[in-house]
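Enquirer: Structure below; questions to follow.
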Protein chains: 4
Amino acid sequence: MVDETRKNAPKSDFRERLGSTILEVFSEADFHAVGIRDIAQKAGVSFATIYKYYGSKEQLVFSFVDQWMGVLTDRIIDHLHGMADLKEKLRKIFWLQLDYYERHEEFAKIIFLTLPMKTWMSDESFEQHRMFDLLMDVLRQGQEEGILNDQIDTRILLDFMMGFVQRSFMMWIQRGKKEPLSSQTDIMFDMIWQGIQPPHSTDKQQADSRAIEQLS
Amino acid sequence: MVDETRKNAPKSDFRERLGSTILEVFSEADFHAVGIRDIAQKAGVSFATIYKYYGSKEQLVFSFVDQWMGVLTDRIIDHLHGMADLKEKLRKIFWLQLDYYERHEEFAKIIFLTLPMKTWMSDESFEQHRMFDLLMDVLRQGQEEGILNDQIDTRILLDFMMGFVQRSFMMWIQRGKKEPLSSQTDIMFDMIWQGIQPPHSTDKQQADSRAIEQLS
Amino acid sequence: MVDETRKNAPKSDFRERLGSTILEVFSEADFHAVGIRDIAQKAGVSFATIYKYYGSKEQLVFSFVDQWMGVLTDRIIDHLHGMADLKEKLRKIFWLQLDYYERHEEFAKIIFLTLPMKTWMSDESFEQHRMFDLLMDVLRQGQEEGILNDQIDTRILLDFMMGFVQRSFMMWIQRGKKEPLSSQTDIMFDMIWQGIQPPHSTDKQQADSRAIEQLS
Amino acid sequence: MVDETRKNAPKSDFRERLGSTILEVFSEADFHAVGIRDIAQKAGVSFATIYKYYGSKEQLVFSFVDQWMGVLTDRIIDHLHGMADLKEKLRKIFWLQLDYYERHEEFAKIIFLTLPMKTWMSDESFEQHRMFDLLMDVLRQGQEEGILNDQIDTRILLDFMMGFVQRSFMMWIQRGKKEPLSSQTDIMFDMIWQGIQPPHSTDKQQADSRAIEQLS
DNA sequence: CATGAATGAGGTTTCATTCAT
DNA sequence: GATGAATGAAACCTCATTCAT
């Protein structure tokens with residue numbers, strides 16, 4: 001299950017302490033405001049060892065971000081098992097993300113607020129292929145079944161959902177975390193669900209509704 | 001010898017060159033990868049002068065970002081004049097943003113990819129009160145008129161739209177700008193529009209539609 | 001007199017403190033055992049400033065060594081003024097060196113014990129053209145006048161003297177500085193003087209002496 | 001698989017390869033510019049093994065230098081056998097050194113240009129007791145027999161010769177090895193020989209010579 | 001007993017920022 | 001009021017040495 005095969009993998013203990021430290025410091029300061037020496041010292045690891053394994057401050061953080069994103073992906077995969085209804089799948093996916101980012105606030109701060117995007121986007125780990133493919137499959141299936149709007153590039157459906165998640169997290173932080181991030185999952189998901197459905201053009205719907213009303 | 005005529009107004013020129021330089025360099029490198037010396041040199045100013053006016057690298061960029069966001073706000077205000085239909089207003093707002101970010105790609109890269117978020121979010125300029133108030137007013141009005149979902153915090157409606165804009169821009173860049181960012185404005189806006197409407201629960205809508213069909 | 005013309009010359013005070021520190025630390029430890037950070041701290045100068053001016057640890061030390069060698073050269077030039085007798089000139093030169101190295105023991109330790117020779121010999125400052133030319137002129141003159149052995153490359157005459165100086169200093173240190181280095185100047189100089197004279201082949205000399213003795 | 005026959009004697013091979021490597025790398029770079037890892041790799045040994053046997057980079061080199069100096073000492077001892085004439089003994093010693101350093105240029109570069117003197121001088125191996133005693137005995141004997149200047153500390157006679165050797169080697173390298181180092185052995189040795197003889201004051205000699213001439 | 005991993009630290013370069021002019 | 005010098009610190013790379021296996 002775990003990557004025991006990876007070559008040159010440092011001691012698990014080593015990586016654990018590093019991870020904690022990264023969460024701690026990068027969640028509370030901008031990327032450039034954190035020194036590798038601080039990290040090394042707080043993690044009780046040698047500065048040179050970090051360089052040996054990760055090569056740069058960026059790669060160090062990317063490496064952990066990738067790992068933590070993998071955990072979220074695993075969790076999503078796990079939860080989707082045995083689910084058939086598309087809407088429930090998507091709602092679950094949406095909730096799992098909000099929930100994960102809320103419970104791992106430090107991690108979410110890192111990916112949404114701290115990471116130097118320019119460089120991260122050039123890095124393999126940004127793509128998150130496993131999660132991307134997973135979500136794309138669900139959405140594509142919905143489009144093929146006619147449940148979701150198939151006029152739209154599937155990737156845009158994905159962006160629609162992911163953009164809402166990211167923005168919601170950012171503003172949850174910015175606005176002081178007054179209530180749990182996931183507390184409004186249902187109402188927020190409904191917005192997404194409405195948004196990604198096929199356009200029995202809203203006008204038509206309204207006309208329909210009005211027609212019904214007139215009938216009664 | 002040169003420009004002795006405007007001896008007392010070198011400032012505008014100064015700021016202009018600084019702005020161009022900032023767009024140029026910060027759009028192509030992470031914040032921490034850009035040196036103030038580079039900026040000063042490219043702008044033809046002493047770096048100490050920059051410090052005199054802006055105090056720090058962050059404030060320097062924030063200052064210009066604020067200005068450029070102001071331009072977008074002005075443009076939105078300008079375009080909304082004389083518009084009455086809410087949907088058209090929102091569509092316009094959505095399009096104006098995509099259009100502005102596309103035509104000022106460097107600026108958009110800076111705010112979405114480069115700025116150290118942690119610090120920016122603590123800065124006055126992040127709030128963008130004028131634009132925030134403007135959009136909030138439009139959305140709130142829609143909620144009050146019953147056209148938009150009023151079960152939802154107006155700020156969430158805003159996040160819904162803004163998140164989509166930000167994510168779309170980021171992925172437009174990431175995916176290689178194959179086609180104009182604003183080329184899908186309509187189809188994308190329809191997603192938002194559907195998403196923010198009151199929840200005549202989709203089920204109900206479908207039921208309505210079916211009922212109509214049966215009637216005819 | 002002093003190099004006020006040199007561009008980018010650091011503050012004199014700055015250089016003074018650096019010099020003292022260099023004498024202090026490099027005279028007591030091998031080159032590679034001294035850290036630039038220590039030097040900077042002891043000299044009360046910023047570490048970055050050192051690099052700005054000298055570029056490397058080696059160049060830093062070479063720069064001062066060159067200066068101090070220049071002082072010795074000046075001193076020799078000064079003392080030779082108004083001297084006519086070749087032997088006295090050479091004796092003076094020999095003594096001035098022993099004396100200078102003895103009174104500036106730290107400096108001498110640096111050039112004879114500490115400097116990484118390989119690199120120093122590739123450096124301009126190793127040549128010490130001013131002093132080299134000065135001594136070569138004196139020796140060459142002696143050869144031309146028939147006072148010194150002209151069968152030998154002048155440079156070898158120079159090596160003969162310089163090698164003795166260097167070795168004497170090294171062993172003076174090694175043997176615990178029991179008595180002043182220059183205390184045996186005369187007896188040591190006589191060795192050199194005898195060595196560099198034209199070879200009225202020793203055998204001949206002895207034969208001569210014996211002949212004289214027989215005559216009397 | 002390989003050399004199982006001398007399973008218990010891999011040491012000589014090990015040390016041989018180490019020696020070659022040391023000659024190779026330390027003759028071409030300053031002490032601090034050579035990494036133990038390079039040495040270990042080139043010699044095909046683990047660097048930790050080197051530490052096991054030698055304890056430090058310095059001791060590693062000192063150990064080999066001591067061995068190679070021993071070879072020179074042996075050679076000198078060997079050649080002095082059966083020689084009676086003091087002058088010839090000294091000439092031989094002088095020539096053997098120049099010859100050895102010339103033919104083992106890499107070794108000579110190490111002792112004269114590379115070794116961190118400060119540390120080496122504190123090391124047992126610097127003293128070279130066997131060679132020191134050997135040369136001192138020869139010189140002392142010369143002094144006792146009245147052939148050499150006995151006004152001078154025997155050690156200074158030694159320094160006189162050794163300084164010339166060291167300086168000559170250094171400058172031979174520095175000046176580009178235009179001709180064999182030992183090519184001028186005779187003329188150089190004559191300088192030393194003249195230098196270390198008793199001072200039937202040169203003036204006296206000249207007077208003698210002149211007297212003879214007058215007589216004839 | 002030999003090895004590679006881990007370490008602390010140094011050299012070098014570059015940076016943001018401060019300071020004195 | 002604008003400037004360059006000086007600074008402290010960081011990233012980066014590599015090293016000598018120690019340590020656990």
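Chain labels A, B, ... are given in the sequence in which chains occur in the structure tokens; within each chain residues are numbered consecutively from 1, and ligands are likewise numbered from 1 in the order shown.
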Tell me, as a list of chain:residue names, which residues lie within 12 Å of Ser122 of chain A, counting only C-alpha atoms (C1' of nucleotides); anything in the same chain fewer than 3 positions away does not count.
Expert: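 My reading of the contact set: A:Glu58, A:Gln59, A:Phe62, A:Pro116, A:Met117, A:Lys118, A:Thr119, A:Ser125, A:Phe126, A:Glu127, B:Ala29, B:Asp30, B:Leu113, B:Ile173, B:Gln174, B:Arg175, B:Gly176.
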Enquirer: Could those residues be written to a file, using N, CA and C atoms, as an mmCIF file, in the first residue's frame?
Expert:
```cif
data_model
loop_
_atom_site.group_PDB
_atom_site.id
_atom_site.type_symbol
_atom_site.label_atom_id
_atom_site.label_comp_id
_atom_site.auth_asym_id
_atom_site.auth_seq_id
_atom_site.Cartn_x
_atom_site.Cartn_y
_atom_site.Cartn_z
ATOM 1 N N GLU A 58 10.933 24.471 -3.034
ATOM 2 C CA GLU A 58 9.704 24.200 -3.774
ATOM 3 C C GLU A 58 9.418 22.701 -3.844
ATOM 4 N N GLN A 59 10.410 21.944 -4.258
ATOM 5 C CA GLN A 59 10.181 20.517 -4.387
ATOM 6 C C GLN A 59 9.840 19.878 -3.049
ATOM 7 N N PHE A 62 6.175 20.703 -2.613
ATOM 8 C CA PHE A 62 5.385 19.997 -3.630
ATOM 9 C C PHE A 62 5.259 18.516 -3.281
ATOM 10 N N PRO A 116 3.750 28.830 -4.507
ATOM 11 C CA PRO A 116 4.031 29.696 -5.659
ATOM 12 C C PRO A 116 3.452 29.022 -6.907
ATOM 13 N N MET A 117 2.314 29.541 -7.322
ATOM 14 C CA MET A 117 1.525 28.886 -8.368
ATOM 15 C C MET A 117 2.292 28.679 -9.671
ATOM 16 N N LYS A 118 2.972 29.719 -10.081
ATOM 17 C CA LYS A 118 3.700 29.638 -11.351
ATOM 18 C C LYS A 118 4.525 28.347 -11.414
ATOM 19 N N THR A 119 5.282 28.142 -10.357
ATOM 20 C CA THR A 119 6.152 26.983 -10.360
ATOM 21 C C THR A 119 5.367 25.696 -10.143
ATOM 22 N N SER A 125 3.137 17.477 -10.020
ATOM 23 C CA SER A 125 2.189 17.250 -8.932
ATOM 24 C C SER A 125 0.946 18.140 -9.022
ATOM 25 N N PHE A 126 1.036 19.212 -9.790
ATOM 26 C CA PHE A 126 -0.121 20.100 -9.881
ATOM 27 C C PHE A 126 -1.282 19.417 -10.587
ATOM 28 N N GLU A 127 -0.952 18.628 -11.572
ATOM 29 C CA GLU A 127 -1.993 18.010 -12.392
ATOM 30 C C GLU A 127 -2.910 17.097 -11.591
ATOM 31 N N ALA B 29 7.192 35.127 -13.463
ATOM 32 C CA ALA B 29 7.972 34.446 -12.430
ATOM 33 C C ALA B 29 7.247 34.557 -11.104
ATOM 34 N N ASP B 30 7.506 33.604 -10.249
ATOM 35 C CA ASP B 30 6.903 33.664 -8.922
ATOM 36 C C ASP B 30 7.407 34.891 -8.177
ATOM 37 N N LEU B 113 -1.855 34.093 -9.884
ATOM 38 C CA LEU B 113 -0.766 33.112 -9.811
ATOM 39 C C LEU B 113 0.446 33.569 -8.997
ATOM 40 N N ILE B 173 -4.732 29.316 -18.784
ATOM 41 C CA ILE B 173 -3.277 29.422 -18.893
ATOM 42 C C ILE B 173 -2.651 28.028 -18.908
ATOM 43 N N GLN B 174 -3.059 27.250 -17.920
ATOM 44 C CA GLN B 174 -2.452 25.927 -17.763
ATOM 45 C C GLN B 174 -2.655 25.064 -19.004
ATOM 46 N N ARG B 175 -3.799 25.226 -19.643
ATOM 47 C CA ARG B 175 -4.093 24.357 -20.791
ATOM 48 C C ARG B 175 -3.612 24.953 -22.105
ATOM 49 N N GLY B 176 -2.881 26.025 -22.013
ATOM 50 C CA GLY B 176 -2.216 26.515 -23.224
ATOM 51 C C GLY B 176 -2.992 27.542 -24.046
#
```
Enquirer: Just want the 9 Å neighbourhood of DT17 of chain E, counted on only C-alpha atoms (C1' of nucleotides), with same-chain residues fewer than 6 positions away dropped. Output as a PyMOL selection string.
Expert: (chain B and resi 51+56) or (chain F and resi 7)
Enquirer: Residues of chain E within 8 Å of chain C, counting only C-alpha atoms (C1' of nucleotides), what are they? List them as a PDB file with N, CA and C atoms (P, O5', C5', C4', C3', O3' and C1' of nucleotides), in the first residue's frame.
Expert:
```pdb
ATOM      1  P    DG E  10      31.379  27.014   9.804  1.00  0.00           P
ATOM      2  O5'  DG E  10      32.099  27.165   8.389  1.00  0.00           O
ATOM      3  C5'  DG E  10      33.010  26.157   7.954  1.00  0.00           C
ATOM      4  C4'  DG E  10      33.087  26.212   6.450  1.00  0.00           C
ATOM      5  C3'  DG E  10      33.094  27.638   5.916  1.00  0.00           C
ATOM      6  O3'  DG E  10      34.174  27.797   5.016  1.00  0.00           O
ATOM      7  C1'  DG E  10      31.366  26.366   4.887  1.00  0.00           C
ATOM      8  P    DG E  11      34.446  29.170   4.352  1.00  0.00           P
ATOM      9  O5'  DG E  11      33.851  29.007   2.880  1.00  0.00           O
ATOM     10  C5'  DG E  11      34.329  27.955   2.043  1.00  0.00           C
ATOM     11  C4'  DG E  11      33.807  28.143   0.639  1.00  0.00           C
ATOM     12  C3'  DG E  11      33.877  29.566   0.113  1.00  0.00           C
ATOM     13  O3'  DG E  11      34.162  29.500  -1.289  1.00  0.00           O
ATOM     14  C1'  DG E  11      31.610  28.875   0.220  1.00  0.00           C
ATOM     15  P    DT E  12      34.422  30.837  -2.048  1.00  0.00           P
ATOM     16  O5'  DT E  12      33.007  31.124  -2.712  1.00  0.00           O
ATOM     17  C5'  DT E  12      32.439  30.133  -3.570  1.00  0.00           C
ATOM     18  C4'  DT E  12      31.025  30.540  -3.930  1.00  0.00           C
ATOM     19  C3'  DT E  12      30.861  32.002  -4.374  1.00  0.00           C
ATOM     20  O3'  DT E  12      30.466  31.974  -5.737  1.00  0.00           O
ATOM     21  C1'  DT E  12      29.115  31.317  -2.922  1.00  0.00           C
TER      22       DT E  12
END
```
Enquirer: Write down, as a PyMOL selection string, each residue of chain C that has any atom within 9 Å of an atom of chain F, counting only C-alpha atoms (C1' of nucleotides).
Expert: chain C and resi 45-49
Enquirer: Find the residues of chain D in contact range of chain C, meaning any atom within 8 Å when counting only C-alpha atoms, and list them as a ChimeraX atom specification.
Expert: /D:28-32,113-114,116-119,121,152,156,159-168,171,174,187,190-196,202,205,208-209,211-212
Enquirer: Could you take the residues named above and write them with N, CA and C atoms, as a compact mmCIF listing (two decimals), in the first residue's frame?
Expert:
```txt
# COMPACT_ATOMS: atom_id res chain seq x y z
N GLU D 28 47.22 18.39 -8.21
CA GLU D 28 46.61 19.33 -9.17
C GLU D 28 45.58 20.26 -8.56
N ALA D 29 45.39 20.18 -7.26
CA ALA D 29 44.42 21.09 -6.65
C ALA D 29 44.84 21.36 -5.22
N ASP D 30 44.44 22.50 -4.71
CA ASP D 30 44.74 22.82 -3.33
C ASP D 30 44.06 21.81 -2.41
N PHE D 31 44.65 21.68 -1.25
CA PHE D 31 44.16 20.69 -0.29
C PHE D 31 42.65 20.78 -0.07
N HIS D 32 42.19 21.97 0.15
CA HIS D 32 40.78 22.11 0.49
C HIS D 32 39.87 21.98 -0.72
N LEU D 113 53.51 22.38 -2.18
CA LEU D 113 52.46 23.31 -2.60
C LEU D 113 51.10 23.06 -1.99
N THR D 114 50.85 21.85 -1.61
CA THR D 114 49.47 21.49 -1.28
C THR D 114 49.20 21.31 0.20
N PRO D 116 48.59 21.49 3.95
CA PRO D 116 48.35 22.58 4.89
C PRO D 116 49.46 22.58 5.93
N MET D 117 50.39 23.49 5.75
CA MET D 117 51.63 23.49 6.52
C MET D 117 51.40 23.54 8.02
N LYS D 118 50.51 24.44 8.40
CA LYS D 118 50.25 24.61 9.84
C LYS D 118 50.05 23.24 10.50
N THR D 119 49.17 22.48 9.93
CA THR D 119 48.84 21.20 10.53
C THR D 119 49.96 20.18 10.32
N MET D 121 53.10 20.71 10.12
CA MET D 121 54.22 20.98 11.01
C MET D 121 53.97 20.48 12.43
N ILE D 152 78.38 27.97 12.66
CA ILE D 152 76.94 28.01 12.43
C ILE D 152 76.26 26.77 12.99
N ILE D 156 71.12 25.20 10.73
CA ILE D 156 71.06 26.28 9.75
C ILE D 156 71.73 25.86 8.45
N ASP D 159 69.07 23.97 6.81
CA ASP D 159 68.04 24.86 6.24
C ASP D 159 68.54 25.50 4.95
N PHE D 160 69.81 25.81 4.94
CA PHE D 160 70.42 26.47 3.79
C PHE D 160 70.24 25.61 2.54
N MET D 161 70.52 24.35 2.73
CA MET D 161 70.39 23.44 1.60
C MET D 161 68.92 23.15 1.27
N MET D 162 68.16 22.85 2.28
CA MET D 162 66.76 22.47 2.05
C MET D 162 65.93 23.62 1.50
N GLY D 163 66.22 24.81 1.97
CA GLY D 163 65.49 25.97 1.47
C GLY D 163 65.71 26.15 -0.02
N PHE D 164 66.94 25.92 -0.42
CA PHE D 164 67.27 26.07 -1.84
C PHE D 164 66.53 25.00 -2.66
N VAL D 165 66.50 23.81 -2.12
CA VAL D 165 65.80 22.73 -2.83
C VAL D 165 64.31 23.06 -2.99
N GLN D 166 63.69 23.43 -1.87
CA GLN D 166 62.26 23.71 -1.93
C GLN D 166 61.96 24.85 -2.88
N ARG D 167 62.70 25.95 -2.71
CA ARG D 167 62.46 27.12 -3.56
C ARG D 167 62.69 26.78 -5.03
N SER D 168 63.73 26.00 -5.28
CA SER D 168 64.04 25.65 -6.66
C SER D 168 62.91 24.84 -7.28
N MET D 171 59.83 27.14 -7.97
CA MET D 171 59.97 28.05 -9.10
C MET D 171 60.14 27.29 -10.41
N GLN D 174 56.65 26.90 -11.25
CA GLN D 174 56.07 28.20 -11.58
C GLN D 174 56.56 28.72 -12.93
N ILE D 187 76.09 23.33 -10.68
CA ILE D 187 76.29 24.76 -10.46
C ILE D 187 75.56 25.22 -9.20
N ASP D 190 77.40 23.95 -6.11
CA ASP D 190 78.59 24.76 -5.84
C ASP D 190 78.24 25.97 -4.99
N MET D 191 77.09 26.55 -5.29
CA MET D 191 76.66 27.70 -4.48
C MET D 191 76.52 27.28 -3.02
N ILE D 192 75.87 26.15 -2.83
CA ILE D 192 75.69 25.68 -1.46
C ILE D 192 77.04 25.37 -0.83
N TRP D 193 77.84 24.68 -1.58
CA TRP D 193 79.14 24.27 -1.05
C TRP D 193 79.97 25.49 -0.63
N GLN D 194 80.00 26.47 -1.51
CA GLN D 194 80.72 27.69 -1.15
C GLN D 194 80.12 28.32 0.11
N GLY D 195 78.78 28.25 0.16
CA GLY D 195 78.11 28.91 1.28
C GLY D 195 78.38 28.28 2.62
N ILE D 196 78.58 27.00 2.63
CA ILE D 196 78.69 26.34 3.93
C ILE D 196 80.13 26.11 4.37
N THR D 202 86.12 35.55 2.53
CA THR D 202 86.25 35.74 1.09
C THR D 202 87.31 36.78 0.76
N GLN D 205 90.51 35.19 0.85
CA GLN D 205 90.74 34.37 -0.34
C GLN D 205 91.19 35.22 -1.50
N ASP D 208 94.54 36.30 -1.07
CA ASP D 208 95.44 35.19 -1.38
C ASP D 208 95.66 35.09 -2.87
N SER D 209 94.51 35.06 -3.57
CA SER D 209 94.61 34.91 -5.01
C SER D 209 95.46 36.00 -5.61
N ALA D 211 97.69 37.72 -4.19
CA ALA D 211 99.09 37.53 -3.78
C ALA D 211 99.80 36.56 -4.70
N ILE D 212 99.12 35.43 -4.92
CA ILE D 212 99.68 34.43 -5.81
C ILE D 212 100.01 35.04 -7.16
```
Enquirer: Would you pick out the contacts of Leu135 of chain D at 9 Å or less, using only C-alpha atoms (C1' of nucleotides), so that residues sharing its chain but fewer than 3 positions from it are not included, and give the list as an mmCIF file with C-alpha atoms, in the first residue's frame?
Expert:
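Just written: part_37.cif:
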```
data_model
loop_
_atom_site.group_PDB
_atom_site.id
_atom_site.type_symbol
_atom_site.label_atom_id
_atom_site.label_comp_id
_atom_site.auth_asym_id
_atom_site.auth_seq_id
_atom_site.Cartn_x
_atom_site.Cartn_y
_atom_site.Cartn_z
ATOM 1 C CA LEU D 90 76.530 16.424 0.037
ATOM 2 C CA ILE D 93 72.268 14.303 -1.294
ATOM 3 C CA ARG D 130 65.421 9.588 9.804
ATOM 4 C CA MET D 131 66.304 11.962 7.022
ATOM 5 C CA PHE D 132 66.949 14.801 9.411
ATOM 6 C CA VAL D 138 76.854 14.322 7.582
ATOM 7 C CA LEU D 139 76.905 18.062 8.162
ATOM 8 C CA ARG D 140 78.022 17.766 11.739
ATOM 9 C CA LEU D 158 70.609 22.118 6.752
#
```
Enquirer: Name the residues of segment 16-206 of chain D that fall into alpha helix (DSSP H) according to DSSP on the backbone, using the chain letters and numbers of this document, as a PyMOL selection string.
Expert: chain D and resi 16-26+36-43+47-54+57-80+86-103+105-109+117-122+124-127+129-144+154-174+185-196+202-206
